[in-house]
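Okay, input16.cif now, which holds mmCIF, C-alpha atoms:
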data_entry
#
loop_
_atom_site.label_atom_id
_atom_site.label_comp_id
_atom_site.auth_asym_id
_atom_site.auth_seq_id
_atom_site.Cartn_x
_atom_site.Cartn_y
_atom_site.Cartn_z
CA MET K 1 2.41 -1.38 39.33
CA GLN K 2 2.05 -1.02 35.58
CA ALA K 3 3.24 1.42 32.94
CA ALA K 4 -0.18 2.39 31.64
CA TRP K 5 -3.04 4.61 32.70
CA SER K 6 -5.44 2.62 34.86
CA VAL K 7 -9.15 2.45 34.12
CA ALA K 8 -9.84 4.74 37.07
CA GLN K 9 -7.26 7.26 35.85
CA ARG K 10 -8.66 7.29 32.35
CA ARG K 11 -12.24 7.65 33.54
CA LEU K 12 -11.27 10.40 35.92
CA HIS K 13 -9.41 12.22 33.15
CA TRP K 14 -12.41 12.26 30.83
CA ALA K 15 -14.95 12.87 33.58
CA MET K 16 -13.06 15.90 34.84
CA ALA K 17 -12.59 17.21 31.32
CA ALA K 18 -16.34 16.91 30.72
CA LEU K 19 -17.12 18.55 34.07
CA VAL K 20 -14.82 21.46 33.37
CA PHE K 21 -16.33 22.19 29.96
CA VAL K 22 -19.95 21.68 31.04
CA ASN K 23 -19.42 23.88 34.07
CA PHE K 24 -17.72 26.55 32.01
CA LEU K 25 -20.66 26.67 29.60
CA LEU K 26 -23.05 26.66 32.55
CA ALA K 27 -21.25 29.69 33.98
CA LEU K 28 -21.67 31.61 30.73
CA VAL K 29 -25.38 30.72 30.67
CA MET K 30 -26.11 31.51 34.32
CA VAL K 31 -24.51 34.93 34.11
CA ALA K 32 -26.32 35.77 30.88
CA LEU K 33 -29.76 34.66 32.07
CA PRO K 34 -31.99 37.63 32.90
CA LEU K 35 -33.59 38.01 36.33
CA SER K 36 -36.95 37.46 34.64
CA ALA K 37 -35.82 33.82 34.33
CA LEU K 38 -35.18 33.69 38.06
CA LEU K 39 -35.83 29.99 38.57
CA ALA K 40 -33.47 28.99 35.75
CA LYS K 41 -30.87 31.46 37.04
CA ILE K 42 -30.96 30.11 40.59
CA LEU K 43 -30.85 26.50 39.37
CA THR K 44 -27.92 27.09 37.03
CA TYR K 45 -25.97 28.90 39.74
CA GLN K 46 -26.50 26.07 42.20
CA LEU K 47 -25.68 23.43 39.58
CA HIS K 48 -22.51 25.33 38.67
CA LYS K 49 -21.46 25.46 42.31
CA SER K 50 -22.29 21.77 42.85
CA LEU K 51 -20.38 20.56 39.78
CA GLY K 52 -17.46 22.76 40.77
CA LEU K 53 -17.38 21.28 44.26
CA LEU K 54 -17.49 17.81 42.73
CA LEU K 55 -14.19 18.56 41.00
CA ILE K 56 -12.35 18.87 44.32
CA PRO K 57 -12.60 15.25 45.56
CA LEU K 58 -12.09 14.00 42.00
CA TRP K 59 -8.88 16.04 41.80
CA VAL K 60 -7.66 14.59 45.11
CA TRP K 61 -8.46 11.05 43.93
CA ARG K 62 -6.68 11.66 40.65
CA LEU K 63 -3.60 13.03 42.33
CA TRP K 64 -3.56 10.10 44.71
CA LEU K 65 -3.68 7.66 41.77
CA LEU K 66 -0.97 9.60 39.98
CA ALA K 67 1.30 9.33 43.01
CA ARG K 68 0.67 5.60 43.44
CA ARG K 69 1.07 4.40 39.86
CA VAL K 70 3.87 4.40 37.34
CA ARG K 71 3.21 6.63 34.35
CA PRO K 72 3.39 5.30 30.80
CA ALA K 73 6.82 5.75 29.21
CA PRO K 74 7.41 9.20 27.68
CA MET K 75 6.65 9.58 23.98
CA ALA K 76 9.42 9.97 21.45
CA LEU K 77 9.35 13.74 21.53
CA PRO K 78 12.10 16.35 21.61
CA ALA K 79 13.21 17.21 25.12
CA TRP K 80 11.77 20.74 24.97
CA GLN K 81 8.36 19.38 24.02
CA GLN K 82 8.48 16.88 26.86
CA GLY K 83 9.40 19.67 29.24
CA ALA K 84 6.62 21.87 27.92
CA ALA K 85 4.13 19.00 28.24
CA ARG K 86 5.18 18.41 31.84
CA LEU K 87 4.89 22.10 32.67
CA GLY K 88 1.49 22.23 30.98
CA GLN K 89 0.27 19.30 33.06
CA VAL K 90 1.47 20.87 36.29
CA VAL K 91 -0.35 24.10 35.47
CA LEU K 92 -3.46 22.13 34.44
CA TYR K 93 -3.48 20.28 37.76
CA ALA K 94 -2.97 23.54 39.65
CA LEU K 95 -5.85 25.21 37.82
CA LEU K 96 -8.08 22.16 38.24
CA ILE K 97 -8.02 22.71 41.99
CA ALA K 98 -7.63 26.50 42.04
CA VAL K 99 -10.72 27.19 39.95
CA PRO K 100 -13.29 25.35 42.12
CA VAL K 101 -11.67 26.49 45.37
CA LEU K 102 -11.64 30.13 44.23
CA GLY K 103 -15.23 29.70 43.03
CA PHE K 104 -16.36 28.40 46.41
CA LEU K 105 -14.54 31.18 48.25
CA SER K 106 -16.02 33.84 45.99
CA ALA K 107 -19.49 32.34 46.58
CA ALA K 108 -18.81 32.69 50.31
CA ALA K 109 -17.63 36.28 49.95
CA ALA K 110 -20.43 37.32 47.58
CA PRO K 111 -22.45 40.14 49.19
CA ILE K 112 -25.71 38.53 48.11
CA GLY K 113 -25.04 35.88 50.75
CA VAL K 114 -26.83 33.00 49.07
CA GLU K 115 -25.94 29.64 50.58
CA THR K 116 -24.17 26.83 48.73
CA VAL K 117 -26.32 23.70 48.79
CA PHE K 118 -24.71 20.75 47.03
CA PHE K 119 -27.25 19.64 44.40
CA LEU K 120 -29.89 21.42 46.51
CA ILE K 121 -29.58 18.68 49.14
CA LEU K 122 -26.48 19.12 51.24
CA PRO K 123 -25.69 22.56 52.69
CA ILE K 124 -21.98 23.37 52.50
CA PRO K 125 -21.04 25.92 55.17
CA HIS K 126 -19.20 28.97 53.92
CA PRO K 127 -15.87 29.57 55.68
CA PHE K 128 -16.52 33.29 56.20
CA ALA K 129 -19.24 35.93 55.99
CA PRO K 130 -19.97 37.93 52.82
CA ASP K 131 -17.30 40.53 52.20
CA GLN K 132 -17.47 42.92 49.26
CA ALA K 133 -13.74 43.76 49.25
CA LEU K 134 -12.75 40.10 49.31
CA TYR K 135 -15.32 39.27 46.65
CA ASP K 136 -13.90 41.97 44.39
CA VAL K 137 -10.58 40.12 44.53
CA LEU K 138 -11.78 36.51 44.43
CA ARG K 139 -14.39 36.79 41.71
CA PRO K 140 -12.03 38.00 38.93
CA LEU K 141 -9.41 35.50 40.10
CA HIS K 142 -11.92 32.66 39.76
CA GLN K 143 -13.05 33.93 36.38
CA GLY K 144 -9.52 34.43 35.06
CA ALA K 145 -8.37 31.04 36.32
CA ALA K 146 -11.42 29.38 34.72
CA TRP K 147 -10.66 30.96 31.35
CA GLY K 148 -7.02 29.92 31.74
CA LEU K 149 -8.05 26.35 32.54
CA VAL K 150 -10.35 26.07 29.55
CA VAL K 151 -7.83 27.57 27.14
CA LEU K 152 -5.06 25.34 28.47
CA ALA K 153 -7.29 22.26 28.33
CA LEU K 154 -8.24 23.04 24.75
CA GLY K 155 -4.56 23.45 23.88
CA HIS K 156 -3.80 20.18 25.67
CA GLY K 157 -6.50 18.42 23.64
CA ALA K 158 -5.39 20.00 20.36
CA LEU K 159 -1.79 18.87 20.93
CA ALA K 160 -2.95 15.35 21.80
CA ILE K 161 -4.83 15.19 18.49
CA HIS K 162 -1.82 16.64 16.66
CA HIS K 163 0.48 13.94 18.12
CA HIS K 164 -2.12 11.27 17.41
CA ARG K 165 -2.07 12.28 13.73
CA GLN K 166 1.69 12.01 13.80
CA GLY K 167 1.34 8.39 14.88
CA LEU K 168 2.06 8.78 18.59
CA PRO K 169 -0.25 6.72 20.83
CA ILE K 170 -1.08 9.53 23.28
CA LEU K 171 -4.84 9.54 22.68
CA ARG K 172 -5.02 5.76 22.49
CA LEU K 173 -3.26 5.39 25.83
CA MET K 174 -5.70 7.75 27.53
CA TRP K 175 -8.73 6.27 25.76
CA ARG K 176 -8.01 2.55 25.82
CA GLY K 177 -5.18 2.26 28.29
CA ARG K 178 -2.63 0.62 25.98
CA MET C 1 -38.32 62.16 56.84
CA PRO C 2 -37.95 63.93 60.19
CA ASP C 3 -34.58 65.16 61.25
CA VAL C 4 -33.18 62.40 63.37
CA THR C 5 -29.63 62.43 64.49
CA ASN C 6 -29.40 59.23 66.45
CA ALA C 7 -31.45 56.67 68.27
CA ARG C 8 -31.44 58.61 71.53
CA PRO C 9 -34.74 58.86 73.31
CA ILE C 10 -37.02 61.84 73.53
CA ARG C 11 -37.77 62.26 77.21
CA ARG C 12 -41.43 62.59 77.87
CA ARG C 13 -41.05 62.85 81.59
CA ALA C 14 -38.10 62.87 83.87
CA LEU C 15 -36.15 59.84 82.99
CA ALA C 16 -34.28 58.34 85.81
CA GLY C 17 -31.93 55.56 84.94
CA ALA C 18 -31.75 53.40 81.90
CA VAL C 19 -34.73 52.40 79.86
CA LEU C 20 -34.13 48.75 80.28
CA PRO C 21 -32.88 47.83 83.66
CA LEU C 22 -35.20 44.87 83.51
CA ILE C 23 -33.02 43.44 80.81
CA GLY C 24 -29.83 44.19 82.62
CA LEU C 25 -31.48 42.77 85.73
CA ALA C 26 -30.44 45.87 87.62
CA PRO C 27 -32.64 47.59 90.20
CA LEU C 28 -35.33 49.74 88.65
CA PRO C 29 -35.10 53.50 88.97
CA ALA C 30 -38.03 55.78 88.15
CA ARG C 31 -39.48 55.03 84.76
CA ALA C 32 -41.77 56.31 82.08
CA ALA C 33 -42.53 55.70 78.45
CA ARG C 34 -39.65 56.78 76.27
CA VAL C 35 -39.78 57.58 72.60
CA PHE C 36 -36.97 56.35 70.36
CA ARG C 37 -36.79 57.65 66.84
CA PHE C 38 -34.38 56.08 64.42
CA ASP C 39 -33.83 55.62 60.73
CA GLN C 40 -31.35 53.95 58.37
CA ARG C 41 -28.47 55.78 60.03
CA GLN C 42 -28.92 53.98 63.32
CA GLY C 43 -30.89 50.93 62.30
CA ARG C 44 -31.28 48.39 59.61
CA LEU C 45 -34.43 47.18 57.88
CA GLU C 46 -34.03 43.98 55.92
CA PHE C 47 -36.18 41.49 54.09
CA ILE C 48 -35.22 37.85 53.72
CA ALA C 49 -36.67 35.73 50.94
CA ARG C 50 -36.44 31.96 50.54
CA HIS C 51 -35.67 30.36 47.20
CA LEU C 52 -36.51 26.74 46.35
CA GLN C 53 -37.04 26.26 50.09
CA VAL C 54 -33.32 25.81 50.71
CA LEU C 55 -31.70 29.13 49.80
CA THR C 56 -32.12 32.62 51.18
CA SER C 57 -31.33 36.07 49.90
CA THR C 58 -31.42 39.32 51.81
CA GLY C 59 -32.13 42.86 50.75
CA GLN C 60 -32.52 46.15 52.57
CA PHE C 61 -34.41 49.40 52.61
CA SER C 62 -31.99 52.29 52.72
CA ARG C 63 -34.58 54.93 53.73
CA PHE C 64 -37.03 54.40 56.54
CA ASP C 65 -38.23 56.09 59.67
CA CYS C 66 -39.22 54.41 62.90
CA GLU C 67 -40.67 55.58 66.19
CA LEU C 68 -40.74 53.23 69.12
CA ILE C 69 -42.49 54.13 72.37
CA LEU C 70 -41.44 51.93 75.20
CA ASP C 71 -42.12 51.85 78.91
CA PRO C 72 -39.76 49.33 80.46
CA GLN C 73 -42.18 48.56 83.26
CA ARG C 74 -45.14 48.10 81.01
CA PRO C 75 -44.09 46.46 77.73
CA GLU C 76 -47.76 45.84 76.99
CA THR C 77 -48.07 49.57 76.27
CA ALA C 78 -45.26 49.64 73.67
CA ARG C 79 -46.08 51.13 70.30
CA VAL C 80 -44.21 51.37 67.04
CA ALA C 81 -44.69 53.23 63.78
CA VAL C 82 -42.55 52.52 60.74
CA GLN C 83 -42.58 54.26 57.39
CA VAL C 84 -40.49 52.91 54.53
CA GLU C 85 -39.65 54.40 51.15
CA THR C 86 -40.16 51.45 48.85
CA ALA C 87 -37.93 52.91 46.13
CA SER C 88 -35.03 52.77 48.56
CA ILE C 89 -34.82 49.00 48.28
CA THR C 90 -31.33 47.65 47.76
CA HIS C 91 -30.08 44.19 46.92
CA ALA C 92 -26.56 42.90 46.39
CA TYR C 93 -27.40 41.11 43.15
CA PRO C 94 -27.09 43.45 40.15
CA GLY C 95 -30.49 44.35 38.75
CA ALA C 96 -32.47 42.80 41.60
CA ALA C 97 -33.34 46.15 43.19
CA ASP C 98 -34.81 47.42 39.91
CA LEU C 99 -36.89 44.27 39.63
CA LEU C 100 -38.12 44.68 43.20
CA ARG C 101 -39.11 48.31 42.56
CA SER C 102 -41.06 47.30 39.46
CA PRO C 103 -44.84 46.75 39.25
CA ALA C 104 -44.22 43.01 39.71
CA TYR C 105 -43.09 43.62 43.28
CA PHE C 106 -43.25 46.82 45.35
CA TYR C 107 -44.46 49.00 42.47
CA ALA C 108 -42.53 51.86 44.04
CA GLU C 109 -43.60 54.39 41.46
CA ARG C 110 -47.27 53.97 42.36
CA TRP C 111 -46.87 53.01 46.03
CA PRO C 112 -43.84 54.95 47.28
CA LEU C 113 -44.49 54.26 50.97
CA ALA C 114 -45.09 51.19 53.09
CA GLN C 115 -46.26 51.72 56.65
CA PHE C 116 -46.74 49.74 59.80
CA SER C 117 -48.16 50.82 63.11
CA GLY C 118 -48.22 48.28 65.87
CA ARG C 119 -49.12 47.99 69.51
CA ALA C 120 -47.80 45.50 71.97
CA ALA C 121 -49.91 42.47 72.53
CA PRO C 122 -50.86 41.70 76.15
CA GLY C 123 -48.67 39.31 78.08
CA GLY C 124 -45.37 40.35 76.63
CA ARG C 125 -42.13 40.60 78.59
CA ILE C 126 -39.62 43.34 78.04
CA GLU C 127 -37.10 40.81 76.71
CA ALA C 128 -39.54 39.58 74.06
CA PHE C 129 -42.87 41.06 73.10
CA ASP C 130 -45.12 41.20 70.06
CA LEU C 131 -46.09 44.35 68.22
CA ALA C 132 -49.21 43.79 66.12
CA GLY C 133 -51.06 46.10 63.79
CA PRO C 134 -51.85 46.93 60.19
CA LEU C 135 -49.14 46.83 57.54
CA GLU C 136 -49.92 48.83 54.45
CA MET C 137 -47.96 48.05 51.35
CA ARG C 138 -48.72 48.33 47.69
CA GLY C 139 -52.18 49.70 48.46
CA VAL C 140 -53.12 46.64 50.51
CA THR C 141 -53.49 46.57 54.28
CA GLN C 142 -52.94 43.32 56.13
CA PRO C 143 -52.53 42.42 59.80
CA PHE C 144 -48.89 41.99 60.72
CA THR C 145 -46.97 41.06 63.85
CA LEU C 146 -43.38 41.89 64.74
CA GLN C 147 -41.70 39.78 67.40
CA ALA C 148 -39.41 42.21 69.21
CA LYS C 149 -36.46 41.26 71.37
CA LEU C 150 -34.25 43.41 73.50
CA ALA C 151 -30.79 42.22 74.37
CA ARG C 152 -28.92 42.94 77.60
CA ARG C 153 -27.66 46.47 77.83
CA ARG C 154 -24.02 47.07 77.06
CA ARG C 155 -21.58 49.94 76.89
CA ASP C 156 -20.41 51.08 73.49
CA ALA C 157 -16.62 50.75 73.34
CA GLU C 158 -16.16 53.92 71.27
CA THR C 159 -18.66 56.37 72.68
CA GLY C 160 -19.12 54.96 76.17
CA ALA C 161 -22.88 55.25 75.74
CA GLU C 162 -25.12 52.66 77.28
CA ILE C 163 -26.81 50.69 74.54
CA VAL C 164 -29.52 48.10 74.16
CA ASP C 165 -29.70 46.15 70.93
CA CYS C 166 -33.25 45.73 69.71
CA THR C 167 -34.33 43.35 66.96
CA ALA C 168 -37.79 42.67 65.60
CA ARG C 169 -38.90 40.12 63.05
CA GLY C 170 -42.13 39.35 61.28
CA GLU C 171 -43.26 37.35 58.30
CA ILE C 172 -45.58 38.38 55.48
CA SER C 173 -47.24 36.59 52.61
CA ARG C 174 -46.09 38.58 49.59
CA ALA C 175 -49.02 37.21 47.57
CA ALA C 176 -51.39 38.85 50.08
CA PHE C 177 -49.91 42.18 48.97
CA GLY C 178 -50.26 41.32 45.29
CA MET C 179 -46.64 40.28 44.71
CA VAL C 180 -47.09 36.99 42.89
CA SER C 181 -44.14 36.96 40.47
CA ASP C 182 -41.60 34.14 40.39
CA MET C 183 -43.49 31.99 42.86
CA ALA C 184 -41.68 28.88 41.59
CA ALA C 185 -38.31 30.39 42.47
CA THR C 186 -39.10 32.52 45.50
CA GLY C 187 -41.34 31.47 48.36
CA ASP C 188 -44.46 33.33 49.38
CA ARG C 189 -43.29 33.92 52.95
CA VAL C 190 -40.85 36.80 53.32
CA GLN C 191 -39.32 37.88 56.60
CA LEU C 192 -38.98 41.51 57.58
CA ALA C 193 -36.35 42.29 60.17
CA VAL C 194 -35.50 45.51 61.99
CA SER C 195 -32.42 45.93 64.12
CA VAL C 196 -31.24 48.99 65.99
CA SER C 197 -29.00 49.91 68.86
CA LEU C 198 -30.97 52.10 71.25
CA VAL C 199 -28.89 54.59 73.21
CA ILE C 200 -30.30 54.55 76.70
CA GLY C 201 -27.78 56.53 78.65
#
Would you write out, as structure tokens, the structure that this file holds?
Amino acid sequence: MQAAWSVAQRRLHWAMAALVFVNFLLALVMVALPLSALLAKILTYQLHKSLGLLLIPLWVWRLWLLARRVRPAPMALPAWQQGAARLGQVVLYALLIAVPVLGFLSAAAAPIGVETVFFLILPIPHPFAPDQALYDVLRPLHQGAAWGLVVLALGHGALAIHHHRQGLPILRLMWRGR
Amino acid sequence: MPDVTNARPIRRRALAGAVLPLIGLAPLPARAARVFRFDQRQGRLEFIARHLQVLTSTGQFSRFDCELILDPQRPETARVAVQVETASITHAYPGAADLLRSPAYFYAERWPLAQFSGRAAPGGRIEAFDLAGPLEMRGVTQPFTLQAKLARRRRDAETGAEIVDCTARGEISRAAFGMVSDMAATGDRVQLAVSVSLVIG
């Protein structure tokens, strides 16, 4: 047990951050692509679904590491800021799992009924048949949660930079471990 | 489109018993060819396309007319005629139906109808038989075969009517009908599928 982020934790943190932002941009592109670019549209949709599904086991791994290891000591911050940071992290973790799960469920409910094939290799069975009414609920939930995740992650990053400039080792701990 | 209210048969001769006792494995009463007319209200006409060889998408035609002539004792005499309004194509993905109506695909403005008339091939059984004949689409006529299947008869829970579910599937080469767009994304082979519940008693 050690009071620092492990290598695996740090790598997971940055890998998931990169995945979230890449997948978010991919979602904007895939929706905007016209049907005349059908091949690109299909490929971006499948890549978006695959990267999203990848987030789920990474999230489980990250949570497992978080439960097993001792966190670094809290920064010298006012209590309300520490509380806000903790709340922000809880919401971030919740959205990190909610967004891909809602995305997968909305893909299953989508009336178009296109399969989910992980990186065009491994078919992932949908848990239920296409359902327009369910899709009309799940799709906006997925979209709203994704926007919430990105905005919150950006805020999280901006605050980390802000504290770094104030001389707190938050960024250094997550980048180099100590 | 003719006025069709349901998929009940038109009796050509006295019709004793159900059309498909062979399927239900019940004793055969008197029999004769029966004519079933149905459209989008009783049946479903779908097309299934493959993308990148691993994905599928399904669309439908929301206006079509079908006549099936079937003698349960002589499936080799079965005949079918289908007429489809190509502009009635629907697809769940926004914008896809417009693309499919366009000159790149069905060219519905110029070729508003697609038609198929098939006769049963010899050697068929009532449970599964082929219907082969010319399919005309987009100004091109190609040979086409539908593999028809009739399920065991059942009783409809709501109406109490005796029903036989009929499905038929066939595969076309869309390129053979001049539809060559997006070949990298969508495969050449497209399945056509008809399903209907025939009211037999």
Counting all atoms listed in the file, which residues of chain C fall within 10 Å of chain K, and what is the closest atom pair for each with its distance in Å at one decimal, ordered by chain and rising number, as a tab-separated table?
residue	atom	partner	partner_atom	distance
C:Arg50	CA	K:Val114	CA	9.8
C:His51	CA	K:Ile42	CA	8.1
C:Leu52	CA	K:Leu39	CA	8.5
C:Gln53	CA	K:Leu120	CA	9.3
C:Val54	CA	K:Leu120	CA	7.0
C:Leu55	CA	K:Glu115	CA	5.8
C:Thr56	CA	K:Val114	CA	5.7
C:Ser57	CA	K:Val114	CA	5.5
C:Thr58	CA	K:Ile112	CA	6.8
C:Gly59	CA	K:Ile112	CA	8.2
C:His91	CA	K:Ile112	CA	7.2
C:Ala92	CA	K:Ile112	CA	4.8
C:Tyr93	CA	K:Ile112	CA	5.8
C:Pro94	CA	K:Leu35	CA	9.3
C:Gly95	CA	K:Leu35	CA	7.5
C:Ala96	CA	K:Leu35	CA	7.2
C:Leu99	CA	K:Leu35	CA	7.8
C:Ser181	CA	K:Ser36	CA	9.3
C:Asp182	CA	K:Leu38	CA	6.8
C:Met183	CA	K:Leu39	CA	9.0
C:Ala184	CA	K:Leu39	CA	6.7
C:Ala185	CA	K:Leu39	CA	4.6
C:Thr186	CA	K:Leu39	CA	8.1
Output of the PyMOL selection byres ((chain C and resi 146) around 7), listed as a PyMOL selection string: chain C and resi 130-132+144-145+147-148+168-170
Polymer residues at most 8 Å from Ala153 in chain K, only C-alpha atoms, same-chain spacing of 4 or more positions, as an NGL selection string: :K and (17 or 92 or 149 or 157)
Expansion of the PyMOL selection byres ((chain C and resi 62) around 7) into residues, as a count of residues only: 8
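As for CA of Phe38 in chain C and CA of Val82 in chain C, they are spaced 9.6 Å apart.
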Written as a short mmCIF file (atom, residue, chain, number, x, y, z; two decimals) with C-alpha atoms, in the coordinates of the input, what is the full residue list that the PyMOL selection byres ((chain K and resi 19-27) around 8) yields on the file shown?
data_model
loop_
_atom_site.label_atom_id
_atom_site.label_comp_id
_atom_site.auth_asym_id
_atom_site.auth_seq_id
_atom_site.Cartn_x
_atom_site.Cartn_y
_atom_site.Cartn_z
CA ALA K 15 -14.95 12.87 33.58
CA MET K 16 -13.06 15.90 34.84
CA ALA K 17 -12.59 17.21 31.32
CA ALA K 18 -16.34 16.91 30.72
CA LEU K 28 -21.67 31.61 30.73
CA VAL K 29 -25.38 30.72 30.67
CA MET K 30 -26.11 31.51 34.32
CA VAL K 31 -24.51 34.93 34.11
CA THR K 44 -27.92 27.09 37.03
CA TYR K 45 -25.97 28.90 39.74
CA HIS K 48 -22.51 25.33 38.67
CA LEU K 51 -20.38 20.56 39.78
CA GLY K 52 -17.46 22.76 40.77
CA LEU K 55 -14.19 18.56 41.00
CA ALA K 146 -11.42 29.38 34.72
CA VAL K 150 -10.35 26.07 29.55
#
Pick from C:Ala157, C:Pro122, C:Leu70, C:Leu135, whichever lies nearest to Ser173 in chain C using all atoms listed in the file: C:Leu135
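The shortest atom-to-atom distance to Arg86 in chain K, with only C-alpha atoms taken into account, belongs to K:His156 out of K:Ile124, K:Gly177, K:Ala67, K:His156.
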Distance of CA of Glu67 in chain C from CA of Ala175 in chain C, expressed in Å to one decimal place: 27.5 Å
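In this structure, CA of Gly43 in chain C sits 4.2 Å away from CA of Val196 in chain C.
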